[in-house]
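K.L.:
Hey, dropping entry-v5.cif in here, mmCIF, C-alpha atoms and all ligand atoms:
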```cif
data_query
loop_
_atom_site.label_atom_id
_atom_site.label_comp_id
_atom_site.auth_asym_id
_atom_site.auth_seq_id
_atom_site.Cartn_x
_atom_site.Cartn_y
_atom_site.Cartn_z
CA MET A 1 -6.98 17.48 27.78
CA SER A 2 -4.73 15.66 25.43
CA SER A 3 -5.83 12.58 23.63
CA PRO A 4 -3.64 9.48 23.75
CA ILE A 5 -1.06 9.27 21.02
CA ALA A 6 -1.54 6.52 18.49
CA SER A 7 1.51 4.47 17.79
CA ARG A 8 2.33 2.01 15.07
CA VAL A 9 3.38 -1.36 16.36
CA LEU A 10 4.16 -4.67 14.79
CA ASP A 11 1.82 -7.50 15.54
CA SER A 12 3.41 -10.81 14.72
CA THR A 13 0.36 -12.84 15.67
CA SER A 14 -2.04 -11.69 12.99
CA GLU A 15 -4.88 -14.08 12.29
CA ALA A 16 -4.33 -13.46 8.60
CA GLY A 17 -0.98 -15.18 8.92
CA TYR A 18 1.24 -12.36 7.80
CA ASP A 19 4.76 -12.18 9.13
CA ALA A 20 4.02 -8.75 10.50
CA THR A 21 0.95 -6.59 10.52
CA GLU A 22 0.80 -2.94 11.45
CA LYS A 23 -2.00 -1.85 13.70
CA LEU A 24 -2.96 1.38 15.32
CA ILE A 25 -2.99 0.97 19.03
CA LEU A 26 -3.57 3.69 21.56
CA ALA A 27 -1.17 4.30 24.39
CA GLY A 28 -2.82 2.51 27.28
CA GLY A 29 -3.74 -0.52 25.21
CA ALA A 30 -7.28 0.29 24.08
CA SER A 31 -7.78 -0.47 20.41
CA LYS A 32 -9.25 2.43 18.50
CA LEU A 33 -8.64 4.06 15.16
CA GLU A 34 -7.27 7.58 15.19
CA TYR A 35 -7.61 10.02 12.35
CA PRO A 36 -4.74 12.48 12.55
CA GLY A 37 -5.43 15.68 10.64
CA VAL A 38 -9.20 15.19 10.55
CA ASN A 39 -10.16 18.08 12.79
CA TYR A 40 -12.62 20.27 10.90
CA CYS A 41 -15.91 19.68 9.11
CA GLN A 42 -15.60 19.90 5.33
CA GLY A 43 -19.21 21.07 5.11
CA CYS A 44 -19.29 23.96 7.60
CA GLY A 45 -15.72 24.32 8.89
CA ASP A 46 -16.61 23.76 12.55
CA ARG A 47 -14.37 21.69 14.72
CA LEU A 48 -15.24 18.01 14.65
CA GLY A 49 -16.07 16.00 17.72
CA SER A 50 -16.63 12.29 17.77
CA LYS A 51 -19.64 10.07 18.10
CA VAL A 52 -20.34 6.37 18.05
CA VAL A 53 -22.15 5.68 14.78
CA GLU A 54 -22.82 2.19 13.47
CA GLY A 55 -20.82 0.65 16.26
CA GLN A 56 -17.65 2.69 15.91
CA GLU A 57 -16.44 6.03 17.19
CA ARG A 58 -16.16 8.35 14.21
CA PRO A 59 -15.45 12.05 13.58
CA HIS A 60 -18.75 13.92 13.87
CA CYS A 61 -19.87 17.50 13.31
CA ALA A 62 -22.44 18.63 15.89
CA SER A 63 -23.33 21.73 13.83
CA CYS A 64 -24.44 19.93 10.67
CA ARG A 65 -25.04 16.62 12.39
CA SER A 66 -22.90 14.86 9.86
CA THR A 67 -20.60 11.93 10.44
CA VAL A 68 -17.31 11.56 8.64
CA PHE A 69 -16.90 8.01 7.37
CA MET A 70 -13.21 7.46 6.82
CA ASP A 71 -12.68 5.53 3.60
CA PRO A 72 -9.67 3.33 2.97
CA LYS A 73 -7.00 4.43 0.54
CA VAL A 74 -6.07 2.22 -2.36
CA ALA A 75 -2.41 1.84 -3.26
CA VAL A 76 -0.90 -0.13 -6.11
CA VAL A 77 2.23 -2.24 -5.75
CA VAL A 78 3.77 -3.49 -8.98
CA LEU A 79 6.07 -6.47 -9.48
CA VAL A 80 7.73 -5.78 -12.79
CA SER A 81 9.40 -8.75 -14.49
CA MET A 82 12.57 -7.89 -16.40
CA ASP A 83 15.53 -9.99 -17.60
CA GLY A 84 14.44 -12.90 -15.42
CA GLY A 85 14.29 -10.76 -12.30
CA ILE A 86 12.07 -8.17 -10.66
CA VAL A 87 12.56 -4.43 -10.64
CA LEU A 88 13.11 -2.73 -7.28
CA ILE A 89 13.59 0.91 -6.45
CA ARG A 90 15.58 2.50 -3.67
CA ARG A 91 13.15 4.89 -2.05
CA ALA A 92 13.91 8.61 -2.12
CA ILE A 93 11.00 9.45 0.18
CA GLU A 94 9.66 8.54 3.58
CA PRO A 95 8.50 6.18 4.84
CA ALA A 96 11.45 3.80 4.57
CA LEU A 97 13.75 6.36 2.95
CA GLY A 98 16.72 4.53 1.41
CA GLY A 99 15.06 1.11 1.55
CA TRP A 100 14.50 -1.19 -1.43
CA SER A 101 10.94 -1.86 -2.43
CA PHE A 102 8.59 -2.20 -5.37
CA PRO A 103 7.25 0.62 -7.52
CA ALA A 104 4.12 1.68 -5.67
CA GLY A 105 1.83 4.57 -4.94
CA TYR A 106 -1.67 5.81 -4.34
CA VAL A 107 -4.47 5.58 -6.85
CA ASP A 108 -6.08 8.91 -7.69
CA ARG A 109 -9.85 9.22 -7.43
CA GLY A 110 -11.34 8.50 -10.85
CA GLU A 111 -8.22 6.73 -12.08
CA VAL A 112 -8.37 3.20 -13.50
CA VAL A 113 -6.37 1.13 -11.03
CA GLU A 114 -4.31 -0.71 -13.66
CA GLU A 115 -3.44 2.65 -15.21
CA ALA A 116 -2.29 3.90 -11.80
CA ALA A 117 -0.02 0.85 -11.61
CA ALA A 118 1.54 1.61 -15.00
CA ARG A 119 1.84 5.31 -14.10
CA GLU A 120 3.70 4.60 -10.87
CA VAL A 121 6.10 2.28 -12.68
CA ILE A 122 7.04 4.79 -15.35
CA GLU A 123 7.35 7.58 -12.76
CA GLU A 124 9.64 5.58 -10.51
CA THR A 125 11.59 3.39 -12.95
CA GLY A 126 11.38 4.92 -16.44
CA LEU A 127 9.85 1.70 -17.74
CA THR A 128 6.66 1.42 -19.76
CA VAL A 129 4.78 -1.68 -18.66
CA LYS A 130 1.79 -3.76 -19.52
CA VAL A 131 -0.07 -4.98 -16.46
CA SER A 132 -0.40 -8.74 -16.77
CA GLY A 133 -2.69 -9.46 -13.84
CA LEU A 134 -3.86 -8.81 -10.30
CA VAL A 135 -1.69 -10.88 -7.97
CA ASP A 136 -3.70 -10.18 -4.85
CA LEU A 137 -5.62 -7.59 -2.89
CA ILE A 138 -4.13 -7.22 0.57
CA SER A 139 -5.60 -5.42 3.57
CA PHE A 140 -4.76 -5.36 7.25
CA ALA A 141 -6.93 -4.88 10.33
CA GLY A 142 -6.72 -1.29 11.52
CA GLU A 143 -4.78 -0.11 8.47
CA THR A 144 -5.84 2.73 6.18
CA VAL A 145 -4.32 1.34 3.00
CA ILE A 146 -5.54 -1.50 0.81
CA LEU A 147 -2.78 -2.82 -1.44
CA ALA A 148 -3.62 -3.92 -4.98
CA VAL A 149 -0.62 -5.99 -6.03
CA TYR A 150 -0.09 -6.29 -9.78
CA ALA A 151 2.33 -8.18 -11.98
CA ALA A 152 3.59 -6.35 -15.05
CA GLU A 153 5.89 -6.84 -18.01
CA VAL A 154 8.16 -4.29 -19.65
CA ILE A 155 7.13 -3.10 -23.10
CA GLY A 156 9.36 -0.03 -23.43
CA GLY A 157 11.38 2.68 -21.76
CA ALA A 158 14.73 2.44 -20.03
CA LEU A 159 15.62 1.73 -16.41
CA THR A 160 16.05 5.19 -14.84
CA ALA A 161 15.55 6.38 -11.28
CA GLY A 162 12.54 8.67 -11.14
CA SER A 163 10.92 11.17 -8.81
CA ASP A 164 10.52 8.91 -5.78
CA SER A 165 13.63 6.76 -6.24
CA THR A 166 17.39 7.26 -6.10
CA GLU A 167 18.25 3.95 -7.79
CA VAL A 168 16.50 1.22 -9.75
CA ARG A 169 17.80 -2.29 -10.31
CA VAL A 170 16.71 -5.71 -11.43
CA PHE A 171 17.14 -8.38 -8.77
CA ASP A 172 17.04 -12.14 -8.98
CA PRO A 173 13.94 -13.10 -6.95
CA ASP A 174 16.14 -15.56 -5.03
CA GLU A 175 18.67 -12.87 -4.13
CA LEU A 176 16.62 -9.90 -3.04
CA PRO A 177 18.11 -7.21 -0.80
CA ALA A 178 16.54 -6.45 2.57
CA LEU A 179 13.13 -5.02 1.74
CA ALA A 180 11.75 -1.81 3.17
CA PHE A 181 8.35 -2.85 4.50
CA PRO A 182 7.17 -5.73 6.67
CA HIS A 183 4.64 -6.74 4.00
CA ASP A 184 7.16 -6.96 1.17
CA ILE A 185 8.29 -10.54 1.74
CA GLU A 186 4.64 -11.62 1.85
CA ILE A 187 4.03 -9.76 -1.40
CA VAL A 188 6.93 -11.59 -3.07
CA ALA A 189 5.56 -14.91 -1.80
CA ARG A 190 2.12 -14.20 -3.22
CA TRP A 191 3.63 -13.09 -6.54
CA ARG A 192 5.61 -16.36 -6.75
CA ASN A 193 2.46 -18.29 -6.02
CA TRP A 194 0.46 -16.29 -8.57
CA THR A 195 3.18 -16.69 -11.21
CA GLY A 196 3.12 -20.45 -10.70
CA ARG A 197 -0.66 -20.59 -10.92
CA SER A 198 -0.65 -18.32 -13.93
CA LEU A 199 1.83 -20.50 -15.83
CA THR A 200 -0.07 -23.64 -14.88
CA ALA A 201 -3.32 -22.13 -16.09
CA GLN A 202 -1.79 -21.38 -19.46
CA GLU A 203 -0.78 -24.99 -20.09
CA PRO A 204 -3.03 -26.94 -22.45
CA LEU A 205 -5.38 -29.42 -20.81
ZN ZN A 301 -20.30 20.72 9.87
#
```
Just give me the structure of the file as structure tokens.
P.N.:
Amino acid sequence: MSSPIASRVLDSTSEAGYDATEKLILAGGASKLEYPGVNYCQGCGDRLGSKVVEGQERPHCASCRSTVFMDPKVAVVVLVSMDGGIVLIRRAIEPALGGWSFPAGYVDRGEVVEEAAAREVIEETGLTVKVSGLVDLISFAGETVILAVYAAEVIGGALTAGSDSTEVRVFDPDELPALAFPHDIEIVARWRNWTGRSLTAQEPL
């Protein structure tokens, strides 16, 4: 027996109002989350089955009667202001190899999220930054990753392509190249909105 293959599709009718939202949908149309690579119990090593627990089918080990609750992953996305523009990297890794996007990456367990943001920026751009604020926290139905979008300002370093990038450049926010991910335009829009609010908030009453 082979299980249906999950495929990533674009859903342009998201209730959240995003331009495009990725969902996991099973071949055949039934909506269900799949957990590729989660096959064995971390406690006893037996093969995992599945069981409906708290209203959702989840990986389950019959031997130790334990259920695997799949946590989300937190990723940081950083909009770095520099010379009146924002810093973008050309990605050297999949997904979206060769596409332009923001410095971004996963937060390690135990890591302060703002420090993860600064770490990703220096790794991918060579720039030392000070995180100036949380622009937004963005999540999507059916998606594993929660995006913590930060704004940051440059306090040192020099623009240099790093481990995950082949090129780094500063772009005028009004003249951005085609961006790698469906969410990127929405992220820019929220950053613009946040920047406006932030400036307004700093004005004297
Ligand atoms: Zn087990």
K.L.:
Could you please extract the residues within 10 Å of ligand ZN 301 (chain A), counting all atoms listed in the file, and hand them back as a ChimeraX atom specification?
P.N.:
/A:40-48,60-68
K.L.:
May I have the selected residues written with C-alpha atoms, as a CSV table (one decimal), in the frame of the given file?
P.N.:
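And here's selection.csv as it stands now:
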```csv
chain,number,residue,atom,x,y,z
A,40,TYR,CA,-12.6,20.3,10.9
A,41,CYS,CA,-15.9,19.7,9.1
A,42,GLN,CA,-15.6,19.9,5.3
A,43,GLY,CA,-19.2,21.1,5.1
A,44,CYS,CA,-19.3,24.0,7.6
A,45,GLY,CA,-15.7,24.3,8.9
A,46,ASP,CA,-16.6,23.8,12.6
A,47,ARG,CA,-14.4,21.7,14.7
A,48,LEU,CA,-15.2,18.0,14.6
A,60,HIS,CA,-18.8,13.9,13.9
A,61,CYS,CA,-19.9,17.5,13.3
A,62,ALA,CA,-22.4,18.6,15.9
A,63,SER,CA,-23.3,21.7,13.8
A,64,CYS,CA,-24.4,19.9,10.7
A,65,ARG,CA,-25.0,16.6,12.4
A,66,SER,CA,-22.9,14.9,9.9
A,67,THR,CA,-20.6,11.9,10.4
A,68,VAL,CA,-17.3,11.6,8.6
```
K.L.:
Residues within 8 Å of A:Ile93, please, as an mmCIF file with C-alpha atoms, in the frame of the given file. Count all atoms listed in the file; anything in the same chain fewer than 4 positions from it doesn't count.
P.N.:
```
data_model
loop_
_atom_site.group_PDB
_atom_site.id
_atom_site.type_symbol
_atom_site.label_atom_id
_atom_site.label_comp_id
_atom_site.auth_asym_id
_atom_site.auth_seq_id
_atom_site.Cartn_x
_atom_site.Cartn_y
_atom_site.Cartn_z
ATOM 1 C CA LEU A 97 13.750 6.360 2.950
ATOM 2 C CA GLY A 98 16.720 4.530 1.410
ATOM 3 C CA ASP A 164 10.520 8.910 -5.780
ATOM 4 C CA SER A 165 13.630 6.760 -6.240
#
```
K.L.:
Excluding A:Gly84 and its own-chain neighbours fewer than 6 positions away, which residues fall within 12 Å of it when counting all atoms listed in the file? Please give them as a VMD selection string.
P.N.:
chain A and resid 153 to 154 170 to 174
K.L.:
Just to confirm, what's the straight-line distance from atom CA of A:Ile146 to atom CA of A:Ala189 in Å (one decimal)?
P.N.:
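These two atoms are separated by 17.6 Å.
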K.L.:
Any idea what's packed within 10 Å of A:Leu179, counting all atoms listed in the file, ignoring anything in its chain fewer than 3 positions away? Could you give it as a CSV table (one decimal) with C-alpha atoms, in the frame of the given file?
P.N.:
```csv
chain,number,residue,atom,x,y,z
A,88,LEU,CA,13.1,-2.7,-7.3
A,90,ARG,CA,15.6,2.5,-3.7
A,96,ALA,CA,11.4,3.8,4.6
A,99,GLY,CA,15.1,1.1,1.6
A,100,TRP,CA,14.5,-1.2,-1.4
A,101,SER,CA,10.9,-1.9,-2.4
A,102,PHE,CA,8.6,-2.2,-5.4
A,176,LEU,CA,16.6,-9.9,-3.0
A,182,PRO,CA,7.2,-5.7,6.7
A,183,HIS,CA,4.6,-6.7,4.0
A,184,ASP,CA,7.2,-7.0,1.2
A,185,ILE,CA,8.3,-10.5,1.7
```
K.L.:
Please, what distance in Å, to one decimal, runs between atom CA of A:Arg91 and atom CA of A:Ala178?
P.N.:
12.7 Å
K.L.:
Choose the residue, out of A:Val131, A:Ala92, A:Pro72, A:Ile86, that has the smallest atom-to-atom separation from A:Arg192; count only C-alpha atoms.
P.N.:
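Closest candidate: A:Ile86.
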K.L.:
So how many Å separate atom CA of A:Thr166 and atom CA of A:Glu115, to one decimal?
P.N.:
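So the two atoms, atom CA of A:Thr166 and atom CA of A:Glu115, lie 23.2 Å apart.
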K.L.:
Can you list every residue of stretch 95-126 of chain A that has an atom at most 12 Å from stretch 133-145 of chain A, with its nearest atom pair and the distance in Å to one decimal, using only C-alpha atoms, ordered by chain then number, as a Markdown table?
P.N.:
```
| residue | atom | partner | partner_atom | distance |
| --- | --- | --- | --- | --- |
| A:Gly105 | CA | A:Val145 | CA | 10.5 |
| A:Tyr106 | CA | A:Val145 | CA | 9.0 |
| A:Val107 | CA | A:Val145 | CA | 10.7 |
| A:Val113 | CA | A:Leu134 | CA | 10.3 |
| A:Glu114 | CA | A:Leu134 | CA | 8.8 |
| A:Ala117 | CA | A:Leu134 | CA | 10.5 |
| A:Ala118 | CA | A:Gly133 | CA | 11.9 |
```
K.L.:
Out of A:Val129, A:Glu111, A:Glu124, A:Phe69, which residue has the shortest atom-to-atom distance to A:Gly156 when counting all atoms listed in the file?
P.N.:
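That would be A:Val129, the residue with the smallest distance to A:Gly156.
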K.L.:
Could stretch 157-178 of chain A be completed with N, CA and C atoms and returned as a PDB file, in the frame of the given file?
P.N.:
```pdb
ATOM      1  N   GLY A 157      10.701   1.826 -22.723  1.00  0.00           N
ATOM      2  CA  GLY A 157      11.380   2.680 -21.760  1.00  0.00           C
ATOM      3  C   GLY A 157      12.760   2.167 -21.405  1.00  0.00           C
ATOM      4  N   ALA A 158      13.399   2.833 -20.476  1.00  0.00           N
ATOM      5  CA  ALA A 158      14.730   2.440 -20.030  1.00  0.00           C
ATOM      6  C   ALA A 158      14.825   2.640 -18.519  1.00  0.00           C
ATOM      7  N   LEU A 159      15.516   1.718 -17.870  1.00  0.00           N
ATOM      8  CA  LEU A 159      15.620   1.730 -16.410  1.00  0.00           C
ATOM      9  C   LEU A 159      16.311   3.017 -15.931  1.00  0.00           C
ATOM     10  N   THR A 160      15.539   3.891 -15.307  1.00  0.00           N
ATOM     11  CA  THR A 160      16.050   5.190 -14.840  1.00  0.00           C
ATOM     12  C   THR A 160      15.369   5.543 -13.531  1.00  0.00           C
ATOM     13  N   ALA A 161      16.151   5.961 -12.555  1.00  0.00           N
ATOM     14  CA  ALA A 161      15.550   6.380 -11.280  1.00  0.00           C
ATOM     15  C   ALA A 161      14.676   7.607 -11.511  1.00  0.00           C
ATOM     16  N   GLY A 162      13.494   7.585 -10.916  1.00  0.00           N
ATOM     17  CA  GLY A 162      12.540   8.670 -11.140  1.00  0.00           C
ATOM     18  C   GLY A 162      12.356   9.542  -9.920  1.00  0.00           C
ATOM     19  N   SER A 163      11.173  10.149  -9.817  1.00  0.00           N
ATOM     20  CA  SER A 163      10.920  11.170  -8.810  1.00  0.00           C
ATOM     21  C   SER A 163      11.024  10.646  -7.373  1.00  0.00           C
ATOM     22  N   ASP A 164      10.555   9.416  -7.150  1.00  0.00           N
ATOM     23  CA  ASP A 164      10.520   8.910  -5.780  1.00  0.00           C
ATOM     24  C   ASP A 164      11.620   7.904  -5.494  1.00  0.00           C
ATOM     25  N   SER A 165      12.597   7.779  -6.413  1.00  0.00           N
ATOM     26  CA  SER A 165      13.630   6.760  -6.240  1.00  0.00           C
ATOM     27  C   SER A 165      15.006   7.333  -6.540  1.00  0.00           C
ATOM     28  N   THR A 166      16.020   6.823  -5.835  1.00  0.00           N
ATOM     29  CA  THR A 166      17.390   7.260  -6.100  1.00  0.00           C
ATOM     30  C   THR A 166      18.129   6.233  -6.953  1.00  0.00           C
ATOM     31  N   GLU A 167      17.575   5.023  -7.068  1.00  0.00           N
ATOM     32  CA  GLU A 167      18.250   3.950  -7.790  1.00  0.00           C
ATOM     33  C   GLU A 167      17.196   2.929  -8.195  1.00  0.00           C
ATOM     34  N   VAL A 168      17.369   2.340  -9.363  1.00  0.00           N
ATOM     35  CA  VAL A 168      16.500   1.220  -9.750  1.00  0.00           C
ATOM     36  C   VAL A 168      17.373   0.085 -10.257  1.00  0.00           C
ATOM     37  N   ARG A 169      17.015  -1.128  -9.881  1.00  0.00           N
ATOM     38  CA  ARG A 169      17.800  -2.290 -10.310  1.00  0.00           C
ATOM     39  C   ARG A 169      16.905  -3.496 -10.469  1.00  0.00           C
ATOM     40  N   VAL A 170      17.401  -4.423 -11.282  1.00  0.00           N
ATOM     41  CA  VAL A 170      16.710  -5.710 -11.430  1.00  0.00           C
ATOM     42  C   VAL A 170      17.400  -6.709 -10.501  1.00  0.00           C
ATOM     43  N   PHE A 171      16.597  -7.386  -9.701  1.00  0.00           N
ATOM     44  CA  PHE A 171      17.140  -8.380  -8.770  1.00  0.00           C
ATOM     45  C   PHE A 171      16.608  -9.760  -9.094  1.00  0.00           C
ATOM     46  N   ASP A 172      17.474 -10.738  -8.948  1.00  0.00           N
ATOM     47  CA  ASP A 172      17.040 -12.140  -8.980  1.00  0.00           C
ATOM     48  C   ASP A 172      16.077 -12.342  -7.801  1.00  0.00           C
ATOM     49  N   PRO A 173      14.896 -12.911  -8.057  1.00  0.00           N
ATOM     50  CA  PRO A 173      13.940 -13.100  -6.950  1.00  0.00           C
ATOM     51  C   PRO A 173      14.506 -13.936  -5.794  1.00  0.00           C
ATOM     52  N   ASP A 174      15.530 -14.755  -6.090  1.00  0.00           N
ATOM     53  CA  ASP A 174      16.140 -15.560  -5.030  1.00  0.00           C
ATOM     54  C   ASP A 174      17.240 -14.811  -4.285  1.00  0.00           C
ATOM     55  N   GLU A 175      17.577 -13.626  -4.775  1.00  0.00           N
ATOM     56  CA  GLU A 175      18.670 -12.870  -4.130  1.00  0.00           C
ATOM     57  C   GLU A 175      18.250 -11.414  -3.933  1.00  0.00           C
ATOM     58  N   LEU A 176      17.122 -11.247  -3.272  1.00  0.00           N
ATOM     59  CA  LEU A 176      16.620  -9.900  -3.040  1.00  0.00           C
ATOM     60  C   LEU A 176      17.374  -9.236  -1.892  1.00  0.00           C
ATOM     61  N   PRO A 177      17.528  -7.918  -1.952  1.00  0.00           N
ATOM     62  CA  PRO A 177      18.110  -7.210  -0.800  1.00  0.00           C
ATOM     63  C   PRO A 177      17.084  -7.161   0.334  1.00  0.00           C
ATOM     64  N   ALA A 178      17.497  -6.664   1.484  1.00  0.00           N
ATOM     65  CA  ALA A 178      16.540  -6.450   2.570  1.00  0.00           C
ATOM     66  C   ALA A 178      15.473  -5.479   2.075  1.00  0.00           C
TER      67      ALA A 178
END
```
